[in-house]
Amino acid sequence: MKMLAWLQEEGSARVRDLAEAFSVSEVTVRQDLERLEAEGHIVREHGGAYLKSVPQQVRAMALHHLVNMEQKRRIGRAAAALVEDGETIILDSGSTTTEVAMHLSSREHLTVITNALNIALMLGAMPTCTVHMPGGQFKAPTLSLSGERSADYFKGLFAEKLFLATAAVSFEAGLTYPAIADITVKRAMIEAASRVYLLADSSKIGKTSFSSLGGIDDIHVLITDDGIRDADRRAFADAGIEVIIA
């Protein structure tokens with residue numbers, strides 16, 4: 001299941017990279033990929049595999065992770081309400097940050113830095129919005145650009161606000177993601193922003209994914225939905241993190 005989560009994040013992977021990442025043999029990886037292919041999730045190719053839905057998804061410019069969308073729409077609307085005319089903001093890639101972009105049509109003179117192709121196309125159509133994008137490796141499931149080249153782009157940039165996506169967040173593991181390619185990009189985004197807003201629906205709170213970005217002290221504000229437990233809400237507040245319920 002962790003390998004499937006990796007493929008759902010990256011779109012494809014080599015057998016040797018999966019073996020190294022999960023500290024198992026290449027034989028074990030191939031057996032797991034055979035099972036995932038039999039279940040209809042992936043297509044195996046020589047030396048690796050790719051997510052079965054990727055070709056159709058990219059042609060449609062659709063995102064892969066489309067669960068809890070009602071909560072994500074509310075979170076996106078609440079986050080967009082915090083954006084002022086004339087600001088420079090960073091929008092991470094993902095389904096929740098896409099919802100933020102969809103609610104920015106009334107803003108004027110925004111400067112948006114994003115690694116998400118779908119967000120760039122959406123906001124680039126606004127005549128009063130200036131959109132900047134890094135280079136890097138294309139990731140099909142998130143329609144984003146990733147890797148060291150993408151991270152390097154953010155050096156020397158400044159933004160008032162970063163709207164950051166995550167796969168999971170917990171007090172023990174911090175912010176975690178299914179794969180490692182985005183970690184350097186997200187770290188560079190955090191360093192370029194004055195204030196960091198984490199967008200996470202309540203199903204992600206208390207969960208842990210594969211690779212760690214850092215502790216919760218990297219964020220200033222958590223925007224989530226009303227499914228968050230009272231104990232978790234108090235714990236974030238005790239850690240000095242503002243919690244906004246969408």
# chains A, B, ... in the order shown; residues from 1 in each chain; ligands from 1

$ residues_around --residues "Arg107 of chain A" --least-positions-apart "4" --cutoff "12 Å" --atoms "only C-alpha atoms" --output "list in words"
Ala80, Ala81, Leu82, Val83, Glu84, Asp85, Gly86, Glu87, Thr88, Val100, Ala101, Met102, His103, Thr111, Val112, Leu123, Met126, Pro127, Thr128, Cys129 and Thr130 of chain A

$ residues_around --residues "Glu9 of chain A" --least-positions-apart "2" --cutoff "12 Å" --atoms "only C-alpha atoms" --output "PDB file with C-alpha atoms, in the first residue's frame"
ATOM      1  CA  LYS A   2       2.912   2.356   0.645  1.00  0.00           C
ATOM      2  CA  MET A   3       4.245   1.601  -2.829  1.00  0.00           C
ATOM      3  CA  LEU A   4       0.815   2.354  -4.289  1.00  0.00           C
ATOM      4  CA  ALA A   5       0.715   5.649  -2.378  1.00  0.00           C
ATOM      5  CA  TRP A   6       4.175   6.460  -3.808  1.00  0.00           C
ATOM      6  CA  LEU A   7       2.963   5.743  -7.359  1.00  0.00           C
ATOM      7  CA  GLY A  11       2.944   8.706 -11.319  1.00  0.00           C
ATOM      8  CA  SER A  12       5.720   6.197 -11.973  1.00  0.00           C
ATOM      9  CA  ALA A  13       8.711   4.606 -10.292  1.00  0.00           C
ATOM     10  CA  TYR A  50       3.340   3.602 -13.795  1.00  0.00           C
ATOM     11  CA  LEU A  51      -0.112   4.485 -12.510  1.00  0.00           C
ATOM     12  CA  VAL A  54      -2.021   8.692 -15.655  1.00  0.00           C
ATOM     13  CA  LEU A  63      -5.881  15.696 -10.438  1.00  0.00           C
ATOM     14  CA  HIS A  64      -5.646  12.183  -9.054  1.00  0.00           C
ATOM     15  CA  HIS A  65      -6.430  12.774  -5.374  1.00  0.00           C
ATOM     16  CA  SER A  93       0.200  21.829  -5.921  1.00  0.00           C
ATOM     17  CA  GLY A  94      -2.761  19.662  -4.923  1.00  0.00           C
ATOM     18  CA  PHE A 138       6.801  16.857 -14.297  1.00  0.00           C
ATOM     19  CA  LYS A 139       4.685  14.813 -11.865  1.00  0.00           C
ATOM     20  CA  ALA A 140       1.492  13.644 -13.537  1.00  0.00           C
ATOM     21  CA  PRO A 141      -0.784  12.853 -10.533  1.00  0.00           C
ATOM     22  CA  THR A 142      -0.369  16.356  -9.090  1.00  0.00           C
ATOM     23  CA  LEU A 143       0.165  18.109 -12.458  1.00  0.00           C
ATOM     24  CA  SER A 144       3.202  19.709 -10.858  1.00  0.00           C
ATOM     25  CA  SER A 146       9.256  18.953  -8.744  1.00  0.00           C
ATOM     26  CA  THR A 166       0.230  17.858   2.943  1.00  0.00           C
ATOM     27  CA  ALA A 167      -0.594  14.169   2.829  1.00  0.00           C
ATOM     28  CA  TYR A 177       4.270  12.859   2.246  1.00  0.00           C
ATOM     29  CA  PRO A 178       4.047   9.604   0.251  1.00  0.00           C
ATOM     30  CA  ALA A 179       7.296  10.209  -1.673  1.00  0.00           C
ATOM     31  CA  ILE A 180      10.490  12.239  -1.343  1.00  0.00           C
ATOM     32  CA  ALA A 181      10.639  14.236  -4.604  1.00  0.00           C
ATOM     33  CA  ASP A 182       8.557  17.156  -3.318  1.00  0.00           C
ATOM     34  CA  SER A 209       2.939   9.108   5.475  1.00  0.00           C
ATOM     35  CA  PHE A 210       6.328   7.962   4.122  1.00  0.00           C
TER      36      PHE A 210
END

$ residues_around --residues "segment 15-18 of chain A" --least-positions-apart "5" --cutoff "8 Å" --atoms "only C-alpha atoms" --output "ChimeraX atom specification"
/A:3,26,29-30,47-49

$ write_last_selection --atoms "C-alpha atoms" --output "mmCIF file, in the first residue's frame"
data_model
loop_
_atom_site.group_PDB
_atom_site.id
_atom_site.type_symbol
_atom_site.label_atom_id
_atom_site.label_comp_id
_atom_site.auth_asym_id
_atom_site.auth_seq_id
_atom_site.Cartn_x
_atom_site.Cartn_y
_atom_site.Cartn_z
ATOM 1 C CA MET A 3 4.245 1.601 -2.829
ATOM 2 C CA GLU A 26 13.991 -5.856 -5.905
ATOM 3 C CA VAL A 29 9.182 -4.962 -5.175
ATOM 4 C CA ARG A 30 8.445 -6.893 -8.375
ATOM 5 C CA GLY A 47 12.363 -1.922 -14.724
ATOM 6 C CA GLY A 48 9.382 -0.221 -13.134
ATOM 7 C CA ALA A 49 5.694 0.682 -13.291
#

$ select_by_dssp --residues "segment 1-237 of chain A" --states "alpha helix (DSSP H)" --output "MDAnalysis selection string"
chainID A and resid 2:10 15:22 26:38 54:59 69:80 95:102 117:124 148:153 183:192 230:237

$ select_by_dssp --residues "segment 36-230 of chain A" --states "strand (DSSP E)" --output "number ranges by chain"
A: 42-45, 48-51, 88-91, 110-114, 129-132, 137-139, 144-146, 159-165, 168-170, 174-177, 193-199, 211-214, 221-224

$ closest_residue --among "A:Ala120, A:Ile244, A:Ile90, A:Ala78" --to "His220 of chain A" --atoms "only C-alpha atoms"
A:Ile244

$ atom_distance --atom1 "atom CA of Ser203 of chain A" --atom2 "atom CA of Gln57 of chain A"
24.2 Å

$ closest_residue --among "A:Gly206, A:Pro134, A:Gly240, A:Gly40" --to "Glu172 of chain A" --atoms "only C-alpha atoms"
A:Gly206

$ residues_around --residues "His41 of chain A" --least-positions-apart "2" --cutoff "7 Å" --atoms "only C-alpha atoms" --output "number ranges by chain"
A: 36-37, 39, 51-52

$ write_last_selection --atoms "N, CA and C atoms" --output "compact mmCIF listing (two decimals), in the first residue's frame"
# COMPACT_ATOMS: atom_id res chain seq x y z
N LEU A 36 -0.22 -5.32 -7.55
CA LEU A 36 -0.90 -4.06 -7.85
C LEU A 36 -1.41 -4.03 -9.28
N GLU A 37 -0.66 -4.63 -10.19
CA GLU A 37 -1.12 -4.70 -11.58
C GLU A 37 -2.33 -5.62 -11.69
N GLU A 39 -4.52 -6.15 -9.52
CA GLU A 39 -5.67 -5.46 -8.93
C GLU A 39 -6.12 -4.27 -9.76
N LEU A 51 1.28 4.49 -12.92
CA LEU A 51 -0.11 4.49 -12.51
C LEU A 51 -1.01 4.35 -13.74
N LYS A 52 -1.96 3.45 -13.68
CA LYS A 52 -2.78 3.13 -14.85
C LYS A 52 -3.57 4.34 -15.34

$ atom_distance --atom1 "atom CA of Ala237 of chain A" --atom2 "atom CA of Phe171 of chain A"
12.1 Å
